[in-house]
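Chemist: One structure, as structure tokens, below. Some questions next.
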Amino acid sequence: MQQSLTLLKGHEVGRILDGAELTLIDLVRVAYEAHQAGLSSLPHSSFLRFPNDPLNRIIALPAYLGGAQPSAGIKWIASFPGNLSHGIQRANATITLNDPQTGLPIAFMEGAQISAKRTAASAALAAKYLHSNPQETRVGLVGCGVINHETLRFLLAVFPSIREVLVFDTQPAHAEHFQAACSDQFGMNVQVVASIEALLQRTSLIALATTAITPHIDDLSMCAAGTTILHTSLRDLNPRLIEFCDNVVDDREHVLRANTSLDLAQQALGHHHFVRCNLAEITSGQVPARPNPEQTTIFSPFGLGVLDLALAQWVLGQAREYTIGLTLNDFC
């Protein structure tokens, strides 16, 4: 038996994903709920680090996702923040899909775009359910890279009422470039602010997507009641803050490791009772979205491989339907 393999380049993956924000958000929701229902296998991510190098890493995320269209595979994603100073993107990835019945490879595709969009889609899904103002007009973005660019794109799909964007980055040049790119692409009023504190004071919907490896935000007292923080980068918030906020995660077991802010809070407190629930428990109606509307809610997603599989499987289906990519009929 010969098994064909579909190869998809970056521009082909991008062509398929373009404009599909609401579809991708729903794919993420379905994947989260399938995982919550036990229809998945999700080993811990494996981090390849380099001697005397705390910044650079390559991560393997193997996963199986059951449901209507079962899939299995792995994402291999490199994060090299120093690439940005050389005009190279920070994250580069590939995704391999395997036939869950035979184990044979069925697709190999560029994965950085899928990774960025599934991250942004999960943040937008969380905001849709957690944020108290469905007619939000202003959003704040800390970190001016690819992830927050995509997060803005997906938030606009969920909150089309957004008219103003506040941005902050420790590198002013990055913030100015981001401001120009987003103003041009989305037609938004994008303002660069001088500090994180200034941003926290002026908006109640905030996305953190930085390259920080240790916490650097020590105070949330200036946040308005009912603020929603999408803590995508996981290591920005001082663990002392975590205990006093409403914490929603994608998966308790996965997020409470690898020195995330929640992991550091767990280490300090000796427990993880501060984590209220997984997002899928909210989207499926098992628990309320915000028991205390005045409290600051933090969504901390570790980034689950089942999301990569869900989007990659959909991309493969679209590629086959519209004859996109290269098919090798005698790969195996």
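A note on labels: chains of the structure tokens are A, B, ... as shown, every chain counts residues from 1, and ligands are counted from 1 in their shown order.
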Once DSSP has gone over the backbone, tell me which residues of segment 29-218 of chain A are in strand (DSSP E or B), as a ChimeraX atom specification.
Modeler: /A:40-41,46-50,53-65,71-79,91-98,105-110,138-142,164-168,189-192,205-208,217
Chemist: Please give the complete set of residues from segment 87-293 of chain A that DSSP, run on the backbone, assigns to helix (DSSP H, G or I), formatted as a ChimeraX atom specification.
Modeler: /A:112-130,146-158,172-186,196-202,239-242,252-255,261-269,279-283
Chemist: Nearest to Ala173 of chain A: which of A:Ile95, A:Ile298, A:Leu84, A:Leu256 is it, counting only C-alpha atoms?
Modeler: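 Once distances to Ala173 of chain A are computed over only C-alpha atoms, the minimum belongs to A:Leu84.
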Chemist: Restricting the calculation to only C-alpha atoms: of A:Gln113, A:Ser284, A:Thr96, A:Ser300, which residue gets closest to Ile147 of chain A?
Modeler: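 The shortest atom-to-atom distance to Ile147 of chain A comes from A:Gln113.
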Chemist: Quick one: everything within 7 Å of segment 126-140 of chain A, counting only C-alpha atoms, minus sequence neighbours fewer than 4 positions away in the same chain. Send it as a PyMOL selection string.
Modeler: chain A and resi 122+158-159+161-167+199+203+205-207+226+228+279+289-290+299
Chemist: Between A:Gly82, A:Val306, A:Thr227, A:Thr210, which is the closest to Asp53 of chain A once you count only C-alpha atoms?
Modeler: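 The shortest atom-to-atom distance to Asp53 of chain A comes from A:Gly82.
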Chemist: Just give me the gap between atom CA of Leu5 of chain A and atom CA of Ile88 of chain A in Å, one decimal is fine.
Modeler: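 Computing the Euclidean distance for atom CA of Leu5 of chain A and atom CA of Ile88 of chain A yields 28.5 Å.
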Chemist: Can you write out as a Markdown table which residues of segment 45-108 of chain A fall within 12 Å of segment 116-119 of chain A, alongside each residue's closest atom pair and its distance in Å to one decimal, counting only C-alpha atoms and ordering rows by chain and ascending residue number?
Modeler:
| residue | atom | partner | partner_atom | distance |
| --- | --- | --- | --- | --- |
| A:Ile77 | CA | A:Ala116 | CA | 10.9 |
| A:Gln89 | CA | A:Ala116 | CA | 11.8 |
| A:Arg90 | CA | A:Ala116 | CA | 11.3 |
| A:Ala91 | CA | A:Ala116 | CA | 8.9 |
| A:Asn92 | CA | A:Ala116 | CA | 10.1 |
| A:Ala93 | CA | A:Ala116 | CA | 10.1 |
Chemist: Output C-alpha atoms of each residue in that selection to a file, as a short mmCIF file (atom, residue, chain, number, x, y, z; two decimals), in the first residue's frame.
Modeler:
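Written output follows (out.cif):
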data_model
loop_
_atom_site.label_atom_id
_atom_site.label_comp_id
_atom_site.auth_asym_id
_atom_site.auth_seq_id
_atom_site.Cartn_x
_atom_site.Cartn_y
_atom_site.Cartn_z
CA ILE A 77 8.80 24.96 16.65
CA GLN A 89 11.23 35.92 12.24
CA ARG A 90 11.53 34.76 15.84
CA ALA A 91 9.49 31.57 15.45
CA ASN A 92 9.87 28.96 12.74
CA ALA A 93 7.94 25.71 12.68
#
Chemist: One decimal, in Å: what's the spacing between atom CA of Thr211 of chain A and atom CA of Gln171 of chain A?
Modeler: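 A separation of 11.7 Å between them.
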Chemist: At most 12 Å is the cut-off: for each residue in segment 12-58 of chain A with any atom that close to an atom of segment 245-250 of chain A, write down the nearest atom pair and the distance in Å rounded to one decimal, counting only C-alpha atoms, chain first then increasing number, as JSON lines.
Modeler:
{"residue": "A:Val28", "atom": "CA", "partner": "A:Asp250", "partner_atom": "CA", "distance": 10.8}
{"residue": "A:Arg29", "atom": "CA", "partner": "A:Asp250", "partner_atom": "CA", "distance": 10.6}
{"residue": "A:Ala31", "atom": "CA", "partner": "A:Asp250", "partner_atom": "CA", "distance": 10.8}
{"residue": "A:Tyr32", "atom": "CA", "partner": "A:Asp250", "partner_atom": "CA", "distance": 7.5}
{"residue": "A:Glu33", "atom": "CA", "partner": "A:Asp250", "partner_atom": "CA", "distance": 10.2}
{"residue": "A:His35", "atom": "CA", "partner": "A:Asp250", "partner_atom": "CA", "distance": 9.7}
{"residue": "A:Gln36", "atom": "CA", "partner": "A:Asp250", "partner_atom": "CA", "distance": 9.3}
Chemist: Return the single residue from A:Leu326, A:Ile114, A:Pro239, A:Gln101 that is closest to Arg15 of chain A, with distances computed using only C-alpha atoms.
Modeler: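 Closest candidate: A:Ile114.
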Chemist: May I ask which of the residues A:Asp26, A:Thr297, A:Ile74, A:Leu316 is the closest one to His44 of chain A, counting only C-alpha atoms?
Modeler: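 Of A:Asp26, A:Thr297, A:Ile74, A:Leu316, the one nearest His44 of chain A, counting only C-alpha atoms, is A:Ile74.
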Chemist: If we count only C-alpha atoms and set the cut-off at 6 Å, which residues sit around Trp76 of chain A, ignoring sequence neighbours fewer than 2 positions away in its own chain? Please answer as a PDB file with N, CA and C atoms, in the first residue's frame.
Modeler:
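Saved as out-v1.pdb:
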ATOM      1  N   ILE A  59      10.915  23.410  20.470  1.00  0.00           N
ATOM      2  CA  ILE A  59       9.926  22.684  21.255  1.00  0.00           C
ATOM      3  C   ILE A  59       9.197  21.675  20.373  1.00  0.00           C
ATOM      4  N   ALA A  60       9.041  20.466  20.886  1.00  0.00           N
ATOM      5  CA  ALA A  60       8.268  19.423  20.207  1.00  0.00           C
ATOM      6  C   ALA A  60       6.916  19.283  20.899  1.00  0.00           C
ATOM      7  N   ALA A  93       8.534  26.990  12.285  1.00  0.00           N
ATOM      8  CA  ALA A  93       7.944  25.707  12.675  1.00  0.00           C
ATOM      9  C   ALA A  93       7.587  24.859  11.472  1.00  0.00           C
ATOM     10  N   THR A  94       7.523  23.567  11.719  1.00  0.00           N
ATOM     11  CA  THR A  94       6.963  22.617  10.767  1.00  0.00           C
ATOM     12  C   THR A  94       5.953  21.746  11.514  1.00  0.00           C
TER      13      THR A  94
END
Chemist: List the neighbours of Val255 of chain A out to 9 Å using only C-alpha atoms; skip same-chain residues closer than 4 positions along the sequence, and give me the result as a list in words.
Modeler: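 Within the cut-off, the hits are Leu234, Val249, Asp250, Asp251, Thr260, Leu262, Asp263, Ser300, Pro301, Phe302 and Gly303 of chain A.
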Chemist: Write out the residues from the selection above, keeping N, CA, C and O atoms, as a JSON list (two decimals), in the first residue's frame.
Modeler:
[["chain", "number", "residue", "atom", "x", "y", "z"],
["A", 234, "LEU", "N", 2.82, 34.00, 29.08],
["A", 234, "LEU", "CA", 2.85, 33.12, 30.26],
["A", 234, "LEU", "C", 3.82, 33.50, 31.38],
["A", 234, "LEU", "O", 3.69, 33.00, 32.49],
["A", 249, "VAL", "N", -7.33, 28.79, 32.41],
["A", 249, "VAL", "CA", -6.21, 28.26, 31.63],
["A", 249, "VAL", "C", -6.73, 27.37, 30.51],
["A", 249, "VAL", "O", -7.94, 27.10, 30.42],
["A", 250, "ASP", "N", -5.82, 26.91, 29.66],
["A", 250, "ASP", "CA", -6.25, 25.94, 28.65],
["A", 250, "ASP", "C", -6.19, 24.52, 29.20],
["A", 250, "ASP", "O", -7.02, 23.68, 28.88],
["A", 251, "ASP", "N", -5.19, 24.25, 30.05],
["A", 251, "ASP", "CA", -5.04, 22.92, 30.65],
["A", 251, "ASP", "C", -4.21, 23.07, 31.93],
["A", 251, "ASP", "O", -3.05, 23.47, 31.87],
["A", 260, "THR", "N", 6.29, 29.03, 34.28],
["A", 260, "THR", "CA", 5.31, 30.06, 33.92],
["A", 260, "THR", "C", 4.96, 30.85, 35.19],
["A", 260, "THR", "O", 5.27, 30.43, 36.31],
["A", 262, "LEU", "N", 2.15, 31.09, 36.54],
["A", 262, "LEU", "CA", 1.30, 30.23, 37.36],
["A", 262, "LEU", "C", 2.11, 29.15, 38.07],
["A", 262, "LEU", "O", 1.84, 28.80, 39.22],
["A", 263, "ASP", "N", 3.10, 28.62, 37.38],
["A", 263, "ASP", "CA", 3.98, 27.63, 38.00],
["A", 263, "ASP", "C", 4.74, 28.25, 39.17],
["A", 263, "ASP", "O", 4.86, 27.64, 40.25],
["A", 300, "SER", "N", -4.43, 32.21, 30.79],
["A", 300, "SER", "CA", -3.05, 31.78, 30.56],
["A", 300, "SER", "C", -3.04, 30.47, 29.77],
["A", 300, "SER", "O", -3.25, 29.40, 30.34],
["A", 301, "PRO", "N", -2.82, 30.53, 28.46],
["A", 301, "PRO", "CA", -2.81, 29.31, 27.65],
["A", 301, "PRO", "C", -1.38, 28.80, 27.44],
["A", 301, "PRO", "O", -0.53, 29.52, 26.92],
["A", 302, "PHE", "N", -1.13, 27.56, 27.81],
["A", 302, "PHE", "CA", 0.20, 27.01, 27.61],
["A", 302, "PHE", "C", 0.49, 26.79, 26.12],
["A", 302, "PHE", "O", 1.62, 26.85, 25.68],
["A", 303, "GLY", "N", -0.57, 26.57, 25.37],
["A", 303, "GLY", "CA", -0.40, 26.30, 23.94],
["A", 303, "GLY", "C", -0.40, 24.81, 23.70],
["A", 303, "GLY", "O", 0.63, 24.15, 23.83]]
Chemist: Closest to Gly145 of chain A among A:Ala280, A:Leu7, A:Ala312, A:Ala209, using only C-alpha atoms?
Modeler: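 That would be A:Ala209, the residue with the smallest distance to Gly145 of chain A.
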Chemist: What lies within 10 Å of Gly19 of chain A using only C-alpha atoms, ignoring chain neighbours under 5 positions off, as a CSV table (one decimal) with N, CA and C atoms, in the first residue's frame?
Modeler:
chain,number,residue,atom,x,y,z
A,14,GLY,N,-0.5,30.1,4.1
A,14,GLY,CA,-1.1,31.4,4.4
A,14,GLY,C,-2.3,31.7,3.5
A,24,LEU,N,-11.4,29.5,12.3
A,24,LEU,CA,-10.3,29.0,13.1
A,24,LEU,C,-10.6,29.1,14.6
A,153,ARG,N,-5.8,40.9,15.0
A,153,ARG,CA,-6.6,40.4,13.8
A,153,ARG,C,-7.8,39.6,14.3
A,154,PHE,N,-7.5,38.7,15.2
A,154,PHE,CA,-8.6,37.8,15.7
A,154,PHE,C,-9.5,38.5,16.7
A,157,ALA,N,-12.1,40.2,14.8
A,157,ALA,CA,-13.2,39.4,14.3
A,157,ALA,C,-14.3,39.1,15.4
